[in-house]
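**Q** Structure provided below as structure tokens; questions to follow.
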Amino acid sequence: MVLNEKMMIRTIPLFLSLLLLPSARALYAQGEVNLNIQVKDAKQKPLSGASIALVETTSGARLEKTADAMGKASFTLSEGKLWKLFVNDFFMEREIEVPEIGRTNRNMTLTYNPELVERHAKQSFDRFNFVWTAQNYSGNEAPLVGKAMVRVKVTTRTGTPQKGISVRLVHGTTKTGLSALTGANGMACFMADMGKSYDIDVAEVLNLSYIDIKNKPNLVLTSTLQYDAPKISETRYGDTIVQRILREEAASGRAYYILTIKRYGEGLAPNETVYLSEIHGKDVYVGYTDEKGEVKFLLPLGKKYMVHFNFEKDVDVIDLTKVFGYVNGGMELTYRPNPKLENPELFIPKKEELFLVEFERFLQKQYPDPIKPDKVGLFLRWGNKFNPQSTEALLEIGYTAKGDGMQMPGNYSFVLDRSGSMAGYYRIEMLKLSLIELVKLLSPNDYVSVIAYDDDMQVIFPHQKLSNNKQALIKAIEAIEAGGGTDMLASMKQGYEFVMSKYAKNQNNRIIILSDGYDNNQPEVLEKVQEPYNDKVSCTSVGVGEDYNYALLKILAEKGRGVLHHVADSAGFRKVFLHGLVKEMKPVAYDVKLEVLYNDKLVAEHVYGRTPLPGSVNPLKYQLPNLYDGTNEVALAVFSLKKADPSIQNEPIIVRIRYKEKLDGPEIMVEEKIYPEWEEGSGKLKMAVEKEQKKLYAIAEINRALKVMAESYEAGDNAKAKKVLEETITRMRDLYPLADDKDIKALMDSMEGYLEAFKNLANKKELQKKKKGS
């Protein structure tokens with residue numbers, strides 16, 4: 001069967017994660033194939049009157065036409081997915097796939113010879129672990145008992161005998177074969193077993209023909225085969241093959257294939273690299289398009305090849321497994337670079353773009369209330385016991401606060417984002433409703449201002465004592481509308497200045513930023529606004545929406561000695577405004593510090609989610625936000641171990657919290673001790689075995705890794721960024737081998753996405769290096 005197939009247009013769907021694009025199916029409800037078929041007989045004459053049918057593999061739908069005087073018939077396939085091709089009810093081993101989108105034109109020329117097709121279907125291209133027997137007969141010998149004389153004559157297309165060509169008779173069932181070289185007459189001669197069928201290999205061409213030997217004594221068989229060696233120079237670099245084609249035509253065992261490449265939206269694509277990777281094999285053929293966007297290959301038959309570009313993988317398949325003879329083919333492909341491959345740097349976040357899920361959000365347990373008269377309580381628990389193989393340890397530190405806080409006079413400036421990204425009921429409208437509810441709880445003696453911003457700043461309610469102006473403030477809030485760009489800088493600065501204008505030591509001096517966190521200013525610019533006020537004015541940030549800019553709002557809250565809240569829906573708004581923010585107006589504990597003292601068998605690595613005070617080593621010291629009635633928080637301390645032995649259990653870890661009940665009151669200290677637990681045993685340490693503790697640890701560790709990744713990437717140390725991702729992914733797989741926690745799986749998926757981006761970035765740099773070198 002000879003196949004001459006030309007694929008005119010091929011539109012490849014591209015799916016992009018992390019980008020919001022219109023659905024491709026909105027453009028095409030179903031792809032389409034325009035199929036032109038010509039059928040010839042064994043003598044390559046048009047087969048007029050042949051029945052040509054297509055059967056859809058899922059629905060069984062059948063389309064049938066009769067070939068015209070030229071053996072031709074045309075079909076348009078716009079339904080179904082996969083159609084099988086039959087000629088005179090004989091399956092031609094051809095399938096036509098309808099693309100999900102786009103339009104494909106295909107021209108196919110087929111030879112209808114049922115016996116030949118069926119015999120070729122039995123051929124195999126596997127030659128692994130065959131046992132070969134070399135023979136050297138002249139062809140004039142009489143056949144031996146049980147043998148037949150098989151003479152294979154190898155000629156050129158013009159009939160010239162070819163000397164010194166390797167010929168093999170292949171018996172696939174027993175994985176054995178006979179080999180010989182052609183003589184001056186072009187003959188390779190064999191004594192082959194009667195009653196067997198052999199495939200015939202000539203030179204590097206597998207299955208050039210076949211011969212079936214009958215059980216007949218004194219049988220002499222002669223087969224004349226045309227063999228045209230490809231005029232080609234191939235250079236191999238490992239598994240990669242670069243061709244220089246000296247004669248542009250099909251050769252024996254090689255298909256002459258032309259690919260025409262167009263770049264999406266730009267027309268013909270010259271100077272593009274095209275890769276054809278052998279499916280189920282190792283070889284990769286590499287070519288480069290010329291000024292017409294064409295690249296040409298001479299491809300071995302009997303194989304499938306996947307087409308790739310530098311920045312788009314798995315584009316299409318060239319199937320040469322069911323064709324033989326002299327094969328010419330081609331495709332026209334549209335190259336749509338995948339942004340993840342072409343611009344991987346866009347998929348690696350910088351520090352200010354990094355979105356982290358705080359592990360504290362997943363704390364479900366309630367720690368014990370403080371023991372009176374203390375208003376702050378501590379709870380300690382190890383995540384693991386210690387043994388000779390221990391290398392690290394996890395300490396869970398829970399702390400609570402309980403009591404009636406004294407509502408201090410308030411001095412608040414609300415900085416409200418009203419940019420276009422805040423539009424919608426569950427953003428600006430819910431924000432306004434919730435802010436109004438909060439205003440109703442404020443004291444007439446509180447100082448309040450409201451500033452709204454988009455591209456510009458607008459003072460909605462100037463800074464003043466609330467007095468009898470609640471209704472005026474509520475109406476001002478109700479009038480806020482979303483629209484415009486985002487520039488927080490001037491509004492944030494004005495908020496601080498408003499609060500400082502009425503600053504007093506014994507009052508709650510605070511600005512509250514309510515935003516999705518996406519801003520035109522760099523984080524360090526906004527941080528500088530905070531610096532002069534951080535010792536006097538606190539900053540609370542409220543992130544609005546599921547996809548808010550966690551990194552920026554977290555920085556502003558931490559630098560401003562405040563708290564980051566997150567609201568995604570109406571329930572979240574109510575919880576934050578009517579519980580979280582109200583509690584922040586009535587602190588139970590001020591000027592709160594956490595201290596961790598450890599023995600000389602341990603080395604403190606870090607406390608997740610906390611930044612130690614400068615210069616603190618042992619004890620480690622951390623400044624905590626004010627604590628409020630009902631505070632139930634967790635910190636996770638990680639230690640590395642020097643050589644562990646039973647003496648480690650003799651000295652405790654001491655954790656203290658120091659706080660004041662009033663800003664100008666005396667310092668109070670609560671303290672808890674915990675001793676390491678030793679067990680004789682061996683094996684790798686399994687940290688955080690308790691389910692909730694394990695999840696908190698996993699999320700905290702992932703957050704740490706992502707921060708290191710972002711910092712390393714900005715510093716230009718991609719190797720370090722990649723390494724921390726790989727190590728953390730391995731550790732998480734040890735903790736969650738079944739990937740049975742959806743939250744952890746989502747975070748793991750994000751890490752693996754970043755790791756893939758770093759690999760793509762390295763590939764891109766390597767391609768640029770090669771291009772520059774060439």
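The chains in the structure tokens are called A, B, ... from first to last as shown; in each chain the residues are counted from 1, and the ligands are counted from 1 in the order shown.
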Would you mind writing down, as a PyMOL selection string, each residue of stretch 25-196 of chain A that DSSP on the backbone assigns to strand (DSSP E or B)?

**A** chain A and resi 32-40+46+51-56+62-66+72-77+82-87+90-97+103-111+131-134+137+147-155+161+166-171+176-181+187-193

**Q** Find the residues near A:Phe379: any atom within 8 Å, counting only C-alpha atoms, skip ones fewer than 2 places away on the same chain, and give them as a compact mmCIF listing (two decimals) with N, CA, C and O atoms, in the first residue's frame.

**A**
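So around_3.txt came out as:
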```txt
# COMPACT_ATOMS: atom_id res chain seq x y z
N TYR A 367 -6.87 25.22 72.17
CA TYR A 367 -5.94 25.04 73.27
C TYR A 367 -6.62 25.44 74.59
O TYR A 367 -7.58 26.22 74.60
N PRO A 368 -6.11 24.91 75.70
CA PRO A 368 -6.73 25.23 77.00
C PRO A 368 -6.69 26.73 77.30
O PRO A 368 -5.76 27.44 76.91
N GLY A 377 -2.18 31.95 78.03
CA GLY A 377 -1.80 30.58 78.36
C GLY A 377 -0.91 29.97 77.29
O GLY A 377 -0.94 30.39 76.12
N ARG A 381 3.88 20.77 72.80
CA ARG A 381 3.83 19.35 72.46
C ARG A 381 4.86 19.07 71.36
O ARG A 381 4.97 19.80 70.38
N GLU A 396 5.41 22.02 68.82
CA GLU A 396 4.17 22.77 68.65
C GLU A 396 3.99 23.70 69.84
O GLU A 396 4.01 23.26 70.99
N ILE A 397 3.81 24.99 69.57
CA ILE A 397 3.61 25.99 70.62
C ILE A 397 2.23 26.62 70.41
O ILE A 397 2.02 27.35 69.43
N GLY A 398 1.30 26.30 71.30
CA GLY A 398 -0.02 26.90 71.23
C GLY A 398 -0.16 27.97 72.30
O GLY A 398 0.35 27.80 73.40
N TYR A 399 -0.83 29.06 71.99
CA TYR A 399 -1.06 30.08 73.01
C TYR A 399 -2.46 30.67 72.85
O TYR A 399 -2.99 30.78 71.75
N GLU A 672 6.29 27.73 80.24
CA GLU A 672 6.05 26.30 80.22
C GLU A 672 7.35 25.60 79.82
O GLU A 672 8.15 26.14 79.05
```

**Q** May I have the residues within 7 Å of A:Val131 as a ChimeraX atom specification, using only C-alpha atoms and disregarding those fewer than 2 positions away in the same chain?

**A** /A:129,133,175-177

**Q** Using only C-alpha atoms, can you tell me which of A:Ser421, A:Asn650, A:Gln458, A:Thr111 comes closest to A:Gly545?

**A**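 Counting only C-alpha atoms, the residue closest to A:Gly545 is A:Ser421.
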